[in-house]
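So this one's upload27.csv, CSV, C-alpha atoms:
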chain,number,residue,atom,x,y,z
F,1402,MET,CA,-18.5,-19.4,7.8
F,1403,LYS,CA,-14.8,-19.7,6.9
F,1404,LYS,CA,-12.7,-16.6,7.3
F,1405,ALA,CA,-10.6,-15.6,4.3
F,1406,LYS,CA,-6.9,-15.7,5.0
F,1407,VAL,CA,-4.7,-12.7,4.2
F,1408,LEU,CA,-0.9,-12.5,4.2
F,1409,PHE,CA,1.0,-9.2,4.0
F,1410,ILE,CA,4.6,-9.5,2.9
F,1411,CYS,CA,7.5,-7.0,3.0
F,1412,THR,CA,11.2,-7.4,3.1
F,1413,GLY,CA,11.8,-7.2,6.9
F,1414,ASN,CA,8.4,-7.6,8.4
F,1415,SER,CA,9.4,-4.7,10.6
F,1416,ALA,CA,7.1,-1.8,9.5
F,1417,ARG,CA,4.8,-1.9,6.5
F,1418,SER,CA,3.4,-5.4,6.7
F,1419,GLN,CA,3.1,-5.1,10.5
F,1420,MET,CA,1.0,-2.0,10.1
F,1421,ALA,CA,-1.1,-3.6,7.4
F,1422,GLU,CA,-1.7,-6.6,9.6
F,1423,ALA,CA,-2.7,-4.4,12.5
F,1424,PHE,CA,-5.1,-2.3,10.5
F,1425,LEU,CA,-6.9,-5.2,8.9
F,1426,ARG,CA,-7.3,-6.9,12.3
F,1427,LYS,CA,-8.7,-3.6,13.7
F,1428,TYR,CA,-11.2,-3.1,10.9
F,1429,ALA,CA,-12.2,-6.6,9.9
F,1430,GLY,CA,-10.6,-9.1,12.2
F,1431,ASP,CA,-13.9,-10.9,12.5
F,1432,GLU,CA,-14.0,-11.5,8.7
F,1433,PHE,CA,-10.3,-12.3,8.0
F,1434,GLU,CA,-7.5,-14.4,9.4
F,1435,VAL,CA,-4.6,-11.9,9.1
F,1436,TYR,CA,-0.9,-12.7,8.9
F,1437,SER,CA,2.3,-10.8,8.0
F,1438,ALA,CA,5.8,-12.0,7.2
F,1439,GLY,CA,9.1,-10.9,5.7
F,1440,ILE,CA,11.5,-12.2,3.1
F,1441,ARG,CA,14.3,-11.5,5.6
F,1442,PRO,CA,12.7,-10.6,9.0
F,1443,LEU,CA,14.5,-8.0,11.0
F,1444,GLY,CA,12.3,-7.5,14.1
F,1445,ILE,CA,9.7,-4.8,14.5
F,1446,ALA,CA,11.1,-1.3,14.2
F,1447,PRO,CA,10.6,0.8,17.4
F,1448,CYS,CA,9.1,3.6,15.3
F,1449,THR,CA,6.5,1.2,14.0
F,1450,ILE,CA,5.4,0.5,17.5
F,1451,ARG,CA,5.4,4.1,18.5
F,1452,VAL,CA,3.4,5.5,15.5
F,1453,MET,CA,0.8,2.7,15.8
F,1454,GLU,CA,0.4,3.5,19.6
F,1455,GLU,CA,-0.2,7.1,18.6
F,1456,ILE,CA,-3.4,6.1,17.0
F,1457,GLY,CA,-4.4,3.6,19.7
F,1458,ILE,CA,-3.1,0.3,18.1
F,1459,ASN,CA,-1.0,-1.8,20.4
F,1460,LEU,CA,1.4,-4.2,18.6
F,1461,GLU,CA,2.0,-6.3,21.7
F,1462,GLY,CA,2.2,-9.9,20.7
F,1463,HIS,CA,3.4,-9.1,17.1
F,1464,ALA,CA,6.7,-10.5,16.0
F,1465,SER,CA,8.7,-10.5,12.8
F,1466,LYS,CA,8.1,-13.8,11.0
F,1467,ASN,CA,9.8,-15.4,7.9
F,1468,VAL,CA,7.6,-16.0,4.9
F,1469,ASP,CA,8.9,-19.6,4.9
F,1470,GLU,CA,6.9,-20.3,8.0
F,1471,TYR,CA,3.7,-20.3,5.9
F,1472,ILE,CA,4.7,-21.9,2.6
F,1473,GLY,CA,2.8,-25.1,2.1
F,1474,LYS,CA,1.1,-24.8,5.5
F,1475,ILE,CA,-1.6,-22.2,5.0
F,1476,ASP,CA,-3.6,-21.6,1.8
F,1477,PHE,CA,-4.1,-17.8,1.5
F,1478,ASP,CA,-7.0,-16.2,-0.2
F,1479,HIS,CA,-5.2,-12.9,-0.5
F,1480,LEU,CA,-1.5,-12.2,-0.6
F,1481,ILE,CA,-0.5,-8.5,-0.5
F,1482,THR,CA,3.1,-7.5,-1.0
F,1483,VAL,CA,3.8,-4.0,0.3
F,1484,CYS,CA,7.2,-3.3,-1.2
F,1485,ALA,CA,8.9,-3.8,-4.5
F,1486,ASN,CA,11.6,-6.1,-3.1
F,1487,ALA,CA,9.0,-8.4,-1.6
F,1488,GLU,CA,7.1,-8.4,-4.9
F,1489,LYS,CA,10.2,-9.5,-6.8
F,1490,GLN,CA,11.3,-12.1,-4.2
F,1491,CYS,CA,8.0,-13.5,-3.0
F,1492,PRO,CA,8.0,-17.2,-3.2
F,1493,VAL,CA,5.1,-19.1,-4.8
F,1494,PHE,CA,2.4,-20.2,-2.4
F,1495,PRO,CA,0.6,-23.4,-3.5
F,1496,GLY,CA,-3.2,-22.8,-3.5
F,1497,MET,CA,-2.9,-19.1,-3.3
F,1498,GLY,CA,-5.8,-16.9,-4.4
F,1499,GLU,CA,-5.6,-13.2,-5.3
F,1500,ARG,CA,-2.1,-11.6,-5.3
F,1501,ILE,CA,-1.9,-7.8,-5.0
F,1502,HIS,CA,1.0,-5.4,-4.8
F,1503,TRP,CA,1.1,-2.1,-3.0
F,1504,ASP,CA,4.4,-0.3,-3.6
F,1505,LEU,CA,5.1,1.5,-0.3
F,1506,GLU,CA,8.1,3.4,0.6
F,1507,ASP,CA,10.2,1.8,3.4
F,1508,PRO,CA,10.1,4.2,6.4
F,1509,VAL,CA,13.0,2.3,8.0
F,1510,MET,CA,15.3,3.7,5.4
F,1511,GLN,CA,14.5,7.3,6.3
F,1512,ILE,CA,17.6,9.3,7.2
F,1513,GLY,CA,17.4,12.3,9.5
F,1514,THR,CA,16.4,13.3,13.0
F,1515,GLU,CA,14.2,11.2,15.2
F,1516,GLU,CA,11.2,13.5,14.3
F,1517,GLU,CA,11.9,13.2,10.6
F,1518,LYS,CA,12.0,9.4,10.9
F,1519,LEU,CA,8.8,9.4,12.8
F,1520,GLN,CA,7.1,11.6,10.3
F,1521,LYS,CA,8.0,9.2,7.5
F,1522,PHE,CA,6.6,6.3,9.6
F,1523,ARG,CA,3.4,8.3,10.1
F,1524,GLU,CA,3.1,9.0,6.3
F,1525,VAL,CA,3.5,5.3,5.5
F,1526,ARG,CA,1.1,4.4,8.3
F,1527,ASP,CA,-1.6,6.7,7.1
F,1528,LYS,CA,-1.2,5.5,3.5
F,1529,ILE,CA,-1.6,1.9,4.6
F,1530,ASP,CA,-4.6,2.8,6.7
F,1531,LYS,CA,-6.2,4.3,3.5
F,1532,LEU,CA,-5.2,1.3,1.3
F,1533,ILE,CA,-6.7,-1.1,3.8
F,1534,LYS,CA,-10.0,0.8,3.9
F,1535,GLU,CA,-10.1,1.0,0.1
F,1536,TRP,CA,-9.4,-2.7,-0.2
F,1537,LEU,CA,-12.1,-3.6,2.3
F,1538,SER,CA,-14.6,-1.5,0.5
F,1539,VAL,CA,-14.4,-3.8,-2.6
F,1540,GLN,CA,-14.4,-7.1,-0.7
F,1541,GLU,CA,-17.7,-9.0,-0.7
For this file, produce the structure as structure tokens.
Amino acid sequence: MKKAKVLFICTGNSARSQMAEAFLRKYAGDEFEVYSAGIRPLGIAPCTIRVMEEIGINLEGHASKNVDEYIGKIDFDHLITVCANAEKQCPVFPGMGERIHWDLEDPVMQIGTEEEKLQKFREVRDKIDKLIKEWLSVQE
């Protein structure tokens, strides 16, 4: 049976979309081909790697990718934008199926101490975890 293809998009592909990709792979990687990309990729934020490792998810092998790498090359069944900027700037994907938007705060923009930054990353991580589980619960 063909796996449904899912693409998560955010601005930098440095935090939110990386987390979403990792969670969906963890929970349903046998059912979905999972990708993530950014409008303007920035590299994975060190705090992203750290907060995912805290819950036992290793991002080794992940890299920031540009959304242009996928346009016209992969037909996605589900495209999920995870920030307002990506929702506004997301290009049109020929043959795309369902498009969803989750408006998530950018933890990379958190100002403060290292611990305050990590706390924001944890909050966003936990929200994405919940959203992925909810989304999976309504998939057939």
Worksheet item: Near region 1444-1448 of chain F, counting only C-alpha atoms, which residues have an atom at most 7 Å away, once you skip same-chain residues fewer than 4 positions from it, shown as an MDAnalysis selection string?
Response: chainID F and resid 1414:1416 1452 1464:1465 1519 1522
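Minimum distance to Ile1501 (chain F) across F:Arg1441, F:Arg1523, F:Lys1518, F:His1479 (counting all atoms listed in the file) occurs at F:His1479.
In terms of minimum interatomic distance to Leu1537 (chain F), F:Leu1425 ranks closest within F:Gly1413, F:Leu1425, F:Val1468, F:Ser1418, counting only C-alpha atoms.
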Discussion item. Please list as a list of chain:residue names every residue within 12 Å of Gly1498 (chain F), counting all atoms listed in the file and excluding residues in the same chain fewer than 5 positions away.
Written reply: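 Using all atoms listed in the file, the neighbours found are F:Ala1405, F:Lys1406, F:Val1407, F:Leu1408, F:Ile1475, F:Asp1476, F:Phe1477, F:Asp1478, F:His1479, F:Leu1480, F:Ile1481, F:Val1493.
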Put those residues in a file: C-alpha atoms, as a CSV table (one decimal), in the coordinates of the input.
chain,number,residue,atom,x,y,z
F,1405,ALA,CA,-10.6,-15.6,4.3
F,1406,LYS,CA,-6.9,-15.7,5.0
F,1407,VAL,CA,-4.7,-12.7,4.2
F,1408,LEU,CA,-0.9,-12.5,4.2
F,1475,ILE,CA,-1.6,-22.2,5.0
F,1476,ASP,CA,-3.6,-21.6,1.8
F,1477,PHE,CA,-4.1,-17.8,1.5
F,1478,ASP,CA,-7.0,-16.2,-0.2
F,1479,HIS,CA,-5.2,-12.9,-0.5
F,1480,LEU,CA,-1.5,-12.2,-0.6
F,1481,ILE,CA,-0.5,-8.5,-0.5
F,1493,VAL,CA,5.1,-19.1,-4.8
Practice prompt. Rank nothing, just name the residue among F:Ala1429, F:Val1509, F:Met1497, F:Ala1421 nearest to Leu1443 (chain F), using only C-alpha atoms.
Written response: F:Val1509
Discussion item. Given the point (4.3, -13.4, 3.0) in the coordinates of this file, which residues lie within 8 Å, counting all atoms listed in the file, and how would they look as an NGL selection string?
Written reply: :F and (1408-1411 or 1436-1440 or 1467-1469 or 1471 or 1480-1482 or 1491)
May I have the residues from that selection written out with C-alpha atoms, as a short mmCIF file (atom, residue, chain, number, x, y, z; two decimals), in the coordinates of the input?
data_model
loop_
_atom_site.label_atom_id
_atom_site.label_comp_id
_atom_site.auth_asym_id
_atom_site.auth_seq_id
_atom_site.Cartn_x
_atom_site.Cartn_y
_atom_site.Cartn_z
CA LEU F 1408 -0.90 -12.50 4.20
CA PHE F 1409 1.00 -9.20 4.00
CA ILE F 1410 4.60 -9.50 2.90
CA CYS F 1411 7.50 -7.00 3.00
CA TYR F 1436 -0.90 -12.70 8.90
CA SER F 1437 2.30 -10.80 8.00
CA ALA F 1438 5.80 -12.00 7.20
CA GLY F 1439 9.10 -10.90 5.70
CA ILE F 1440 11.50 -12.20 3.10
CA ASN F 1467 9.80 -15.40 7.90
CA VAL F 1468 7.60 -16.00 4.90
CA ASP F 1469 8.90 -19.60 4.90
CA TYR F 1471 3.70 -20.30 5.90
CA LEU F 1480 -1.50 -12.20 -0.60
CA ILE F 1481 -0.50 -8.50 -0.50
CA THR F 1482 3.10 -7.50 -1.00
CA CYS F 1491 8.00 -13.50 -3.00
#
Worksheet entry | Between CA of Glu1488 (chain F) and CA of Asp1504 (chain F) - distance in Å to one decimal |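 If I compute the distance from CA of Asp1504 (chain F) to CA of Glu1488 (chain F), I get 8.6 Å.
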Item to complete: Please provide as an MDAnalysis selection string all residues within 12 Å of Ile1458 (chain F), with the sequence filter that same-chain residues fewer than 2 positions apart are discarded (counting all atoms listed in the file).
Response: chainID F and resid 1419:1428 1449:1456 1460:1463 1526 1530
Writer output for current selection, C-alpha atoms, as an mmCIF file, in the coordinates of the input:
data_model
loop_
_atom_site.group_PDB
_atom_site.id
_atom_site.type_symbol
_atom_site.label_atom_id
_atom_site.label_comp_id
_atom_site.auth_asym_id
_atom_site.auth_seq_id
_atom_site.Cartn_x
_atom_site.Cartn_y
_atom_site.Cartn_z
ATOM 1 C CA GLN F 1419 3.100 -5.100 10.500
ATOM 2 C CA MET F 1420 1.000 -2.000 10.100
ATOM 3 C CA ALA F 1421 -1.100 -3.600 7.400
ATOM 4 C CA GLU F 1422 -1.700 -6.600 9.600
ATOM 5 C CA ALA F 1423 -2.700 -4.400 12.500
ATOM 6 C CA PHE F 1424 -5.100 -2.300 10.500
ATOM 7 C CA LEU F 1425 -6.900 -5.200 8.900
ATOM 8 C CA ARG F 1426 -7.300 -6.900 12.300
ATOM 9 C CA LYS F 1427 -8.700 -3.600 13.700
ATOM 10 C CA TYR F 1428 -11.200 -3.100 10.900
ATOM 11 C CA THR F 1449 6.500 1.200 14.000
ATOM 12 C CA ILE F 1450 5.400 0.500 17.500
ATOM 13 C CA ARG F 1451 5.400 4.100 18.500
ATOM 14 C CA VAL F 1452 3.400 5.500 15.500
ATOM 15 C CA MET F 1453 0.800 2.700 15.800
ATOM 16 C CA GLU F 1454 0.400 3.500 19.600
ATOM 17 C CA GLU F 1455 -0.200 7.100 18.600
ATOM 18 C CA ILE F 1456 -3.400 6.100 17.000
ATOM 19 C CA LEU F 1460 1.400 -4.200 18.600
ATOM 20 C CA GLU F 1461 2.000 -6.300 21.700
ATOM 21 C CA GLY F 1462 2.200 -9.900 20.700
ATOM 22 C CA HIS F 1463 3.400 -9.100 17.100
ATOM 23 C CA ARG F 1526 1.100 4.400 8.300
ATOM 24 C CA ASP F 1530 -4.600 2.800 6.700
#
Practice prompt. Calculate how many Å separate CA of Val1525 (chain F) from CA of Gly1457 (chain F), rounding to one decimal.
Written response: 16.3 Å
Worksheet entry | Point-to-point distance in Å for CA of Gly1430 (chain F) and CA of Arg1500 (chain F) |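 Taking CA of Arg1500 (chain F) and CA of Gly1430 (chain F), their separation equals 19.6 Å.
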Worksheet item: Using only C-alpha atoms, which residue out of F:Ile1472, F:Leu1532, F:Asp1527, F:Gln1520 lies closest to His1502 (chain F)?
Response: F:Leu1532
